[in-house]
Amino acid sequence: MYTEKVMDHFTNPRNVGEITEPSGVGEVGNPTCGDIMKIFLKVEDNIIKDIKFKTFGCGAAIATSSMVTEMAKGKTLDEALQISNKAVAEMLDGLPPQKMHCSNLAADALKKAIEDYQSKQTV
Amino acid sequence: MRRVYFDHSATTPVHPAVAEEMYRYVNKTFGNPSSVHFFGREARKAVEEAREKVARAIGARPEEVIFTSGGTESDLMAIKGVAYANRSKGNHIITSAIEHHAVLENCHALEKEGFTVTVLPVDADGMVSPDSVAAAINDKTILITIMHANNEVGTVQPIQEIGRLAREKGILFHTDAVQSFGKIPVNVDELMVDFISISGHKIYAPKGIGALYIRKGVRWLPISLGGGQERKRRPGTENVPGIAALGKAAEIALDNMADEAARLTLLRDRIIKEVMENYSNIRLNGHPTRRLPNHINFSFEFIEGEALLLSLDLQGVAASSGSACTSGSLEPSHVLLAMGLPPEIAHGSLRITLGKDNTEEDVSYFLEVLPAIIERLRAMSPLYHKVSDDCETCAKTWCR
Ligand SMILES: Cc1ncc(COP(=O)(O)O)c(C=O)c1O
Ligand code: FES
């Protein structure tokens, strides 16, 4: 049911863990199924220098978390904000229809983490 | 890679002796049981012998057993057949919150036709209380349908007590014995039931064959109409190979039941003991003792069930889960929720159901691969570390 890419990111997720003094943190819960995802960012000069995640969720949730961190790493904040749920799913060669909602989690958590960082900058 | 099949509540492999029996009726003895000639007579003989075997396994008379396409059809026929036949007497049906969808959906469909349905709650172990059944009975009650053993958590219901109540009040009583039949004794008189649903593919017969026991003399109407097969109670040319297979499987199950139950109970209890001892934040779902001999259901907190199943599958172990992510509907199992489990805990459920080919080595292998999987998924979980961090101030209570 899952593509090889999904299974690869599920079995060898990239960037799992936490950042001790993060520049920003985003946590989202999935109202559809109860999954939870948390993203930690290290931002320097407007660029995502490091990114880590923790996810309580299904195979698709873990794989999309892993993929979104790979996609965001090294990007500017503006570039990272452009990453859509759909783009994450596409990078994984697609998700089963009933699992599309899982990819929402990843891009939303990233967005929240960036917003968290930005809100800290303005004060 | 080693493959371990721990999902016998989902389905079972066909027993070689059953396959052989079946093959005979697919291949050589192909006649239509309604035909007068030799070919027909041979097929008829197979059907009636199988009926005797199934009847013997539940302590019934052969004419009280009819063959169906499986558990789902048996449930439908029992529930709607009683409802339609007894409309003039009343319109109230009693069932429980942990029934299989085949029962619940048919009850809900009847609600749209003017029947009223009481769905009884269960306790934390998944047990229906006979007192709650007694309290729900009114003078319009025509049917009680409560399953014998639950497919998700393995809890065995107090069917005899409920049967006694039903009989005292003159109410028809159906039990879905799809999961219990062949594993623990199912006897129509001891359990005091009027209808029993049975399915072949849970007892090493193929999919798409089942049986329904209908107590002689009860008020019941057939649902499908057509030819005279099964004495008009379930028309349609008989699935002779399937029926022969079900008969054989029932015979084998009956012959081996005590020994197999004892053997599986040892394997089951070894898994339960080792897992419960070696992990924190884990619970056994279902009744601690009144459960099927082959049935285990754990909740691993902070872990989602589908991720757990995928990880086990990568190690060759096949199991299942009541997690929302595996359900297709994205709702956690209605059984676990009815038992009062918070959705997060239902999320981490793992069902292990043992069967005839499982060995001590299979259990050892499972126990060997499990720790690394649990550790990896917990390390990935944002909920896990929280326990040590800010438990004092947290509003969630389920992780304590
Ligand atoms: C308790 C129970 N009832 C009914 C069924 C449905 O049986 P079948 O698959 O033969 O239609 C099942 C099978 O999943 C079951 O576990
Ligand atoms: S973090 Fe432990 S109870 Fe909430």
# chains A, B, ... in the order shown; residues from 1 in each chain; ligands from 1
>>> residues_around(residues="Leu308 (chain B)", least_positions_apart="6", cutoff="12 Å", atoms="only C-alpha atoms", output="PyMOL selection string")
(chain A and resi 10-11+56-59+62) or (chain B and resi 298-302+314-315+317-323+325-326+347-351+369-378)
>>> residues_around(residues="Ile51 (chain A)", least_positions_apart="4", cutoff="10 Å", atoms="only C-alpha atoms", output="PyMOL selection string")
chain A and resi 14-19+22-25+39-43+68-70+72-74+110+113
>>> residues_around(residues="Asp8 (chain A)", least_positions_apart="5", cutoff="12 Å", atoms="only C-alpha atoms", output="ChimeraX atom specification")
/A:2-3,13-14,59-60,62-64,66-67,92-93 /B:310-311,314
>>> residues_around(residues="region 5-22 of chain B", least_positions_apart="5", cutoff="7 Å", atoms="only C-alpha atoms", output="PDB file with N, CA, C and O atoms, in the first residue's frame")
ATOM      1  N   ASN B 151     -13.952 -10.185  18.777  1.00  0.00           N
ATOM      2  CA  ASN B 151     -12.862 -10.372  17.828  1.00  0.00           C
ATOM      3  C   ASN B 151     -11.668  -9.465  18.076  1.00  0.00           C
ATOM      4  O   ASN B 151     -10.558  -9.798  17.708  1.00  0.00           O
ATOM      5  N   GLN B 179     -15.830 -16.018  16.475  1.00  0.00           N
ATOM      6  CA  GLN B 179     -14.481 -16.108  17.050  1.00  0.00           C
ATOM      7  C   GLN B 179     -14.327 -17.239  18.061  1.00  0.00           C
ATOM      8  O   GLN B 179     -13.221 -17.714  18.292  1.00  0.00           O
ATOM      9  N   HIS B 201     -13.741 -19.345   7.737  1.00  0.00           N
ATOM     10  CA  HIS B 201     -12.339 -18.949   7.568  1.00  0.00           C
ATOM     11  C   HIS B 201     -11.635 -18.603   8.867  1.00  0.00           C
ATOM     12  O   HIS B 201     -10.434 -18.326   8.869  1.00  0.00           O
ATOM     13  N   LYS B 202     -12.352 -18.638   9.985  1.00  0.00           N
ATOM     14  CA  LYS B 202     -11.679 -18.451  11.270  1.00  0.00           C
ATOM     15  C   LYS B 202     -11.262 -19.794  11.863  1.00  0.00           C
ATOM     16  O   LYS B 202     -10.619 -19.840  12.908  1.00  0.00           O
ATOM     17  N   ILE B 203     -11.701 -20.899  11.247  1.00  0.00           N
ATOM     18  CA  ILE B 203     -11.370 -22.226  11.798  1.00  0.00           C
ATOM     19  C   ILE B 203     -10.700 -23.119  10.759  1.00  0.00           C
ATOM     20  O   ILE B 203     -10.929 -24.320  10.715  1.00  0.00           O
ATOM     21  N   TYR B 204      -9.865 -22.524   9.910  1.00  0.00           N
ATOM     22  CA  TYR B 204      -9.050 -23.288   8.957  1.00  0.00           C
ATOM     23  C   TYR B 204      -9.844 -23.881   7.800  1.00  0.00           C
ATOM     24  O   TYR B 204      -9.412 -24.823   7.151  1.00  0.00           O
ATOM     25  N   ALA B 205     -11.036 -23.327   7.547  1.00  0.00           N
ATOM     26  CA  ALA B 205     -11.767 -23.604   6.314  1.00  0.00           C
ATOM     27  C   ALA B 205     -11.616 -22.347   5.447  1.00  0.00           C
ATOM     28  O   ALA B 205     -11.086 -21.344   5.912  1.00  0.00           O
ATOM     29  N   PRO B 206     -12.065 -22.393   4.202  1.00  0.00           N
ATOM     30  CA  PRO B 206     -11.868 -21.205   3.360  1.00  0.00           C
ATOM     31  C   PRO B 206     -12.831 -20.063   3.674  1.00  0.00           C
ATOM     32  O   PRO B 206     -13.768 -20.228   4.459  1.00  0.00           O
ATOM     33  N   PRO B 241     -18.173 -27.508  -2.155  1.00  0.00           N
ATOM     34  CA  PRO B 241     -16.795 -27.612  -1.640  1.00  0.00           C
ATOM     35  C   PRO B 241     -16.620 -26.859  -0.315  1.00  0.00           C
ATOM     36  O   PRO B 241     -15.958 -27.360   0.604  1.00  0.00           O
ATOM     37  N   GLY B 242     -17.214 -25.685  -0.232  1.00  0.00           N
ATOM     38  CA  GLY B 242     -17.105 -24.890   1.002  1.00  0.00           C
ATOM     39  C   GLY B 242     -17.785 -25.586   2.169  1.00  0.00           C
ATOM     40  O   GLY B 242     -17.264 -25.610   3.287  1.00  0.00           O
ATOM     41  N   ALA B 244     -18.400 -28.828   2.505  1.00  0.00           N
ATOM     42  CA  ALA B 244     -17.610 -30.005   2.895  1.00  0.00           C
ATOM     43  C   ALA B 244     -16.404 -29.572   3.720  1.00  0.00           C
ATOM     44  O   ALA B 244     -16.044 -30.213   4.720  1.00  0.00           O
ATOM     45  N   ALA B 245     -15.802 -28.451   3.315  1.00  0.00           N
ATOM     46  CA  ALA B 245     -14.635 -27.940   4.033  1.00  0.00           C
ATOM     47  C   ALA B 245     -15.018 -27.515   5.450  1.00  0.00           C
ATOM     48  O   ALA B 245     -14.313 -27.820   6.417  1.00  0.00           O
ATOM     49  N   LYS B 248     -15.521 -30.531   7.655  1.00  0.00           N
ATOM     50  CA  LYS B 248     -14.237 -31.138   8.026  1.00  0.00           C
ATOM     51  C   LYS B 248     -13.526 -30.275   9.081  1.00  0.00           C
ATOM     52  O   LYS B 248     -12.993 -30.794  10.073  1.00  0.00           O
ATOM     53  N   ALA B 249     -13.515 -28.985   8.860  1.00  0.00           N
ATOM     54  CA  ALA B 249     -12.833 -28.086   9.792  1.00  0.00           C
ATOM     55  C   ALA B 249     -13.481 -28.137  11.177  1.00  0.00           C
ATOM     56  O   ALA B 249     -12.792 -28.116  12.202  1.00  0.00           O
ATOM     57  N   VAL B 317       6.641 -10.461  11.129  1.00  0.00           N
ATOM     58  CA  VAL B 317       5.569 -10.805  12.065  1.00  0.00           C
ATOM     59  C   VAL B 317       4.272 -10.106  11.645  1.00  0.00           C
ATOM     60  O   VAL B 317       4.228  -8.883  11.521  1.00  0.00           O
ATOM     61  N   ALA B 318       3.225 -10.893  11.425  1.00  0.00           N
ATOM     62  CA  ALA B 318       1.936 -10.348  10.976  1.00  0.00           C
ATOM     63  C   ALA B 318       0.968 -10.277  12.146  1.00  0.00           C
ATOM     64  O   ALA B 318       0.648 -11.291  12.759  1.00  0.00           O
ATOM     65  N   ALA B 319       0.520  -9.051  12.470  1.00  0.00           N
ATOM     66  CA  ALA B 319      -0.453  -8.873  13.549  1.00  0.00           C
ATOM     67  C   ALA B 319      -1.452  -7.817  13.101  1.00  0.00           C
ATOM     68  O   ALA B 319      -1.495  -7.466  11.920  1.00  0.00           O
ATOM     69  N   SER B 320      -2.287  -7.310  14.016  1.00  0.00           N
ATOM     70  CA  SER B 320      -3.203  -6.246  13.611  1.00  0.00           C
ATOM     71  C   SER B 320      -3.414  -5.261  14.751  1.00  0.00           C
ATOM     72  O   SER B 320      -2.907  -5.451  15.858  1.00  0.00           O
ATOM     73  N   ILE B 352      -2.654  -9.679  18.850  1.00  0.00           N
ATOM     74  CA  ILE B 352      -1.909 -10.873  18.472  1.00  0.00           C
ATOM     75  C   ILE B 352      -2.835 -12.060  18.668  1.00  0.00           C
ATOM     76  O   ILE B 352      -3.315 -12.297  19.781  1.00  0.00           O
ATOM     77  N   THR B 353      -3.126 -12.775  17.590  1.00  0.00           N
ATOM     78  CA  THR B 353      -4.016 -13.931  17.718  1.00  0.00           C
ATOM     79  C   THR B 353      -3.318 -15.162  17.154  1.00  0.00           C
ATOM     80  O   THR B 353      -2.938 -15.208  15.996  1.00  0.00           O
ATOM     81  N   LEU B 354      -3.140 -16.130  18.036  1.00  0.00           N
ATOM     82  CA  LEU B 354      -2.334 -17.311  17.731  1.00  0.00           C
ATOM     83  C   LEU B 354      -3.170 -18.382  17.049  1.00  0.00           C
ATOM     84  O   LEU B 354      -4.397 -18.383  17.126  1.00  0.00           O
ATOM     85  N   GLY B 355      -2.455 -19.323  16.410  1.00  0.00           N
ATOM     86  CA  GLY B 355      -3.157 -20.403  15.727  1.00  0.00           C
ATOM     87  C   GLY B 355      -2.343 -21.679  15.664  1.00  0.00           C
ATOM     88  O   GLY B 355      -1.254 -21.769  16.250  1.00  0.00           O
TER      89      GLY B 355
END
>>> residues_near_ligand(ligand="ligand 1", cutoff="6 Å", atoms="only C-alpha atoms and all ligand atoms", output="list in words")
Ala10, Gly70, Gly71, Thr72, His100, Ala102, Asn150, Asn151, Asp176, Val178, Gln179 and Ser199 of chain B
>>> write_last_selection(atoms="C-alpha atoms", output="PDB file, in the first residue's frame")
ATOM      1  CA  ALA B  10      -8.537 -11.950  10.844  1.00  0.00           C
ATOM      2  CA  GLY B  70     -20.066 -16.594   6.189  1.00  0.00           C
ATOM      3  CA  GLY B  71     -20.372 -14.827   9.493  1.00  0.00           C
ATOM      4  CA  THR B  72     -21.741 -11.624   8.006  1.00  0.00           C
ATOM      5  CA  HIS B 100     -19.000  -6.882  15.052  1.00  0.00           C
ATOM      6  CA  ALA B 102     -22.155  -7.274  10.827  1.00  0.00           C
ATOM      7  CA  ASN B 150     -15.074 -10.456  20.903  1.00  0.00           C
ATOM      8  CA  ASN B 151     -12.862 -10.372  17.828  1.00  0.00           C
ATOM      9  CA  ASP B 176     -22.176 -14.374  17.044  1.00  0.00           C
ATOM     10  CA  VAL B 178     -17.529 -16.573  14.810  1.00  0.00           C
ATOM     11  CA  GLN B 179     -14.481 -16.108  17.050  1.00  0.00           C
ATOM     12  CA  SER B 199     -17.699 -18.612   9.909  1.00  0.00           C
TER      13      SER B 199
END
>>> select_by_dssp(residues="chain A", states="alpha helix (DSSP H)", output="VMD selection string")
chain A and resid 4 to 11 59 to 72 77 to 81 85 to 91 100 to 122
>>> residues_around(residues="Lys216 (chain B)", least_positions_apart="2", cutoff="8 Å", atoms="only C-alpha atoms", output="list in words")
Glu64, Ile214 and Val218 of chain B
>>> atom_distance(atom1="CA of Lys112 (chain B)", atom2="CA of Glu168 (chain B)")
29.0 Å
>>> atom_distance(atom1="CA of Glu238 (chain B)", atom2="CA of Val65 (chain B)")
13.5 Å
>>> residues_around(residues="Leu266 (chain B)", least_positions_apart="5", cutoff="12 Å", atoms="only C-alpha atoms", output="PyMOL selection string")
chain B and resi 259-261+271-273+293-295+354+358-360+363
>>> select_by_dssp(residues="region 196-338 of chain B", states="strand (DSSP E)", output="PDB file with C-alpha atoms, in the first residue's frame")
ATOM      1  CA  ILE B 196     -25.525 -19.000  16.437  1.00  0.00           C
ATOM      2  CA  SER B 197     -23.386 -17.480  13.678  1.00  0.00           C
ATOM      3  CA  ILE B 198     -20.343 -19.421  12.520  1.00  0.00           C
ATOM      4  CA  SER B 199     -17.699 -18.612   9.909  1.00  0.00           C
ATOM      5  CA  GLY B 210     -20.434 -20.149   7.210  1.00  0.00           C
ATOM      6  CA  ALA B 211     -23.366 -21.557   9.073  1.00  0.00           C
ATOM      7  CA  LEU B 212     -26.325 -20.412  11.081  1.00  0.00           C
ATOM      8  CA  TYR B 213     -27.896 -22.461  13.831  1.00  0.00           C
ATOM      9  CA  ILE B 214     -31.649 -21.902  14.127  1.00  0.00           C
ATOM     10  CA  ILE B 282       1.575  -0.882  28.523  1.00  0.00           C
ATOM     11  CA  ARG B 283      -1.760  -2.471  29.177  1.00  0.00           C
ATOM     12  CA  LEU B 284      -3.541  -5.655  28.332  1.00  0.00           C
ATOM     13  CA  HIS B 295      -6.052 -13.918  21.962  1.00  0.00           C
ATOM     14  CA  ILE B 296      -3.900 -11.007  23.127  1.00  0.00           C
ATOM     15  CA  ASN B 297      -4.495  -7.278  22.791  1.00  0.00           C
ATOM     16  CA  PHE B 298      -1.982  -4.804  24.176  1.00  0.00           C
ATOM     17  CA  SER B 299      -1.832  -1.039  24.117  1.00  0.00           C
ATOM     18  CA  PHE B 300       1.644   0.384  23.873  1.00  0.00           C
ATOM     19  CA  VAL B 317       5.569 -10.805  12.065  1.00  0.00           C
ATOM     20  CA  ALA B 318       1.936 -10.348  10.976  1.00  0.00           C
TER      21      ALA B 318
END
>>> atom_distance(atom1="CA of Ser35 (chain B)", atom2="CA of Ala55 (chain B)")
24.1 Å
>>> closest_residue(among="A:His101, A:Lys86, A:Lys49, A:Lys5", to="chain B", atoms="only C-alpha atoms")
A:His101
>>> residues_around(residues="Gly26 (chain A)", least_positions_apart="5", cutoff="10 Å", atoms="only C-alpha atoms", output="ChimeraX atom specification")
/A:37-41,53,106,108-117
>>> closest_residue(among="A:Ser84, A:Thr76, A:Gln98, A:Ser65", to="chain B", atoms="only C-alpha atoms")
A:Gln98
>>> closest_residue(among="B:Ala134, B:Ser333, B:Gly316, B:Asn281", to="ligand 2", atoms="only C-alpha atoms and all ligand atoms")
B:Asn281
>>> decode(residues="region 216-249 of chain B", atoms="N, CA, C and O atoms", output="CSV table (one decimal), in the first residue's frame")
chain,number,residue,atom,x,y,z
B,216,LYS,N,-34.9,-25.3,16.5
B,216,LYS,CA,-36.2,-25.8,16.0
B,216,LYS,C,-37.4,-25.1,16.7
B,216,LYS,O,-37.4,-25.0,17.9
B,217,GLY,N,-38.3,-24.7,15.9
B,217,GLY,CA,-39.6,-24.2,16.5
B,217,GLY,C,-39.6,-22.7,16.7
B,217,GLY,O,-40.6,-22.1,17.1
B,218,VAL,N,-38.5,-22.0,16.6
B,218,VAL,CA,-38.5,-20.5,16.8
B,218,VAL,C,-39.1,-19.8,15.7
B,218,VAL,O,-39.2,-20.3,14.6
B,219,ARG,N,-39.6,-18.6,16.0
B,219,ARG,CA,-40.3,-17.8,15.0
B,219,ARG,C,-39.2,-17.0,14.2
B,219,ARG,O,-38.6,-16.1,14.8
B,220,TRP,N,-39.1,-17.3,13.0
B,220,TRP,CA,-38.0,-16.8,12.2
B,220,TRP,C,-38.4,-16.8,10.7
B,220,TRP,O,-39.1,-17.8,10.3
B,221,LEU,N,-38.0,-15.9,9.9
B,221,LEU,CA,-38.3,-15.8,8.5
B,221,LEU,C,-37.0,-15.8,7.6
B,221,LEU,O,-36.1,-15.1,8.0
B,222,PRO,N,-37.0,-16.5,6.5
B,222,PRO,CA,-35.8,-16.4,5.7
B,222,PRO,C,-35.8,-15.0,5.0
B,222,PRO,O,-36.8,-14.4,4.8
B,223,ILE,N,-34.5,-14.6,4.7
B,223,ILE,CA,-34.4,-13.2,4.2
B,223,ILE,C,-34.3,-13.3,2.6
B,223,ILE,O,-34.9,-12.5,1.9
B,224,SER,N,-33.6,-14.3,2.1
B,224,SER,CA,-33.6,-14.3,0.6
B,224,SER,C,-34.5,-15.4,0.2
B,224,SER,O,-34.7,-16.4,0.8
B,225,LEU,N,-35.1,-15.2,-1.0
B,225,LEU,CA,-36.1,-16.1,-1.5
B,225,LEU,C,-35.7,-16.6,-2.8
B,225,LEU,O,-34.9,-16.0,-3.6
B,226,GLY,N,-36.1,-17.8,-3.1
B,226,GLY,CA,-35.6,-18.5,-4.4
B,226,GLY,C,-36.0,-19.9,-4.4
B,226,GLY,O,-37.2,-20.3,-4.1
B,227,GLY,N,-35.1,-20.8,-4.7
B,227,GLY,CA,-35.4,-22.2,-4.8
B,227,GLY,C,-35.5,-22.9,-3.4
B,227,GLY,O,-35.6,-22.2,-2.4
B,228,GLY,N,-35.6,-24.2,-3.5
B,228,GLY,CA,-35.9,-24.9,-2.3
B,228,GLY,C,-34.7,-25.4,-1.4
B,228,GLY,O,-34.9,-26.1,-0.5
B,229,GLN,N,-33.5,-24.9,-1.8
B,229,GLN,CA,-32.4,-25.4,-1.0
B,229,GLN,C,-32.4,-25.0,0.4
B,229,GLN,O,-33.0,-24.0,0.8
B,230,GLU,N,-31.7,-25.8,1.3
B,230,GLU,CA,-31.7,-25.5,2.7
B,230,GLU,C,-33.2,-25.4,3.2
B,230,GLU,O,-33.5,-24.6,4.1
B,231,ARG,N,-34.0,-26.2,2.7
B,231,ARG,CA,-35.4,-26.2,3.0
B,231,ARG,C,-36.0,-24.8,3.0
B,231,ARG,O,-36.7,-24.3,3.9
B,232,LYS,N,-35.7,-24.1,1.9
B,232,LYS,CA,-36.1,-22.7,1.6
B,232,LYS,C,-35.6,-21.7,2.6
B,232,LYS,O,-36.0,-20.5,2.5
B,233,ARG,N,-34.8,-22.1,3.5
B,233,ARG,CA,-34.4,-21.1,4.5
B,233,ARG,C,-33.2,-20.3,4.0
B,233,ARG,O,-32.9,-19.2,4.4
B,234,ARG,N,-32.5,-20.9,3.0
B,234,ARG,CA,-31.4,-20.1,2.4
B,234,ARG,C,-31.2,-20.7,1.0
B,234,ARG,O,-30.4,-21.5,0.7
B,235,PRO,N,-32.0,-20.1,0.1
B,235,PRO,CA,-32.0,-20.7,-1.3
B,235,PRO,C,-30.7,-20.4,-2.0
B,235,PRO,O,-30.0,-19.5,-1.7
B,236,GLY,N,-30.6,-21.1,-3.1
B,236,GLY,CA,-29.3,-20.9,-3.9
B,236,GLY,C,-28.6,-22.3,-3.9
B,236,GLY,O,-28.5,-22.9,-2.9
B,237,THR,N,-28.0,-22.6,-5.1
B,237,THR,CA,-27.3,-23.9,-5.2
B,237,THR,C,-26.2,-23.9,-4.2
B,237,THR,O,-25.4,-22.9,-4.0
B,238,GLU,N,-26.1,-25.0,-3.4
B,238,GLU,CA,-25.1,-25.1,-2.3
B,238,GLU,C,-23.7,-24.9,-2.7
B,238,GLU,O,-23.3,-25.5,-3.8
B,239,ASN,N,-22.9,-24.3,-1.9
B,239,ASN,CA,-21.4,-24.2,-2.1
B,239,ASN,C,-20.8,-25.5,-1.6
B,239,ASN,O,-20.3,-25.6,-0.5
B,240,VAL,N,-21.0,-26.6,-2.4
B,240,VAL,CA,-20.6,-27.9,-1.9
B,240,VAL,C,-19.2,-28.0,-1.4
B,240,VAL,O,-18.9,-28.5,-0.3
B,241,PRO,N,-18.2,-27.5,-2.2
B,241,PRO,CA,-16.8,-27.6,-1.6
B,241,PRO,C,-16.6,-26.9,-0.3
B,241,PRO,O,-16.0,-27.4,0.6
B,242,GLY,N,-17.2,-25.7,-0.2
B,242,GLY,CA,-17.1,-24.9,1.0
B,242,GLY,C,-17.8,-25.6,2.2
B,242,GLY,O,-17.3,-25.6,3.3
B,243,ILE,N,-19.0,-26.1,1.9
B,243,ILE,CA,-19.7,-26.8,2.9
B,243,ILE,C,-18.9,-28.1,3.5
B,243,ILE,O,-18.8,-28.3,4.7
B,244,ALA,N,-18.4,-28.8,2.5
B,244,ALA,CA,-17.6,-30.0,2.9
B,244,ALA,C,-16.4,-29.6,3.7
B,244,ALA,O,-16.0,-30.2,4.7
B,245,ALA,N,-15.8,-28.5,3.3
B,245,ALA,CA,-14.6,-27.9,4.0
B,245,ALA,C,-15.0,-27.5,5.4
B,245,ALA,O,-14.3,-27.8,6.4
B,246,LEU,N,-16.1,-26.8,5.6
B,246,LEU,CA,-16.6,-26.4,6.9
B,246,LEU,C,-16.8,-27.6,7.8
B,246,LEU,O,-16.5,-27.6,9.0
B,247,GLY,N,-17.5,-28.6,7.2
B,247,GLY,CA,-17.8,-29.8,8.0
B,247,GLY,C,-16.5,-30.4,8.6
B,247,GLY,O,-16.3,-30.7,9.7
B,248,LYS,N,-15.5,-30.5,7.7
B,248,LYS,CA,-14.2,-31.1,8.0
B,248,LYS,C,-13.5,-30.3,9.1
B,248,LYS,O,-13.0,-30.8,10.1
B,249,ALA,N,-13.5,-29.0,8.9
B,249,ALA,CA,-12.8,-28.1,9.8
B,249,ALA,C,-13.5,-28.1,11.2
B,249,ALA,O,-12.8,-28.1,12.2
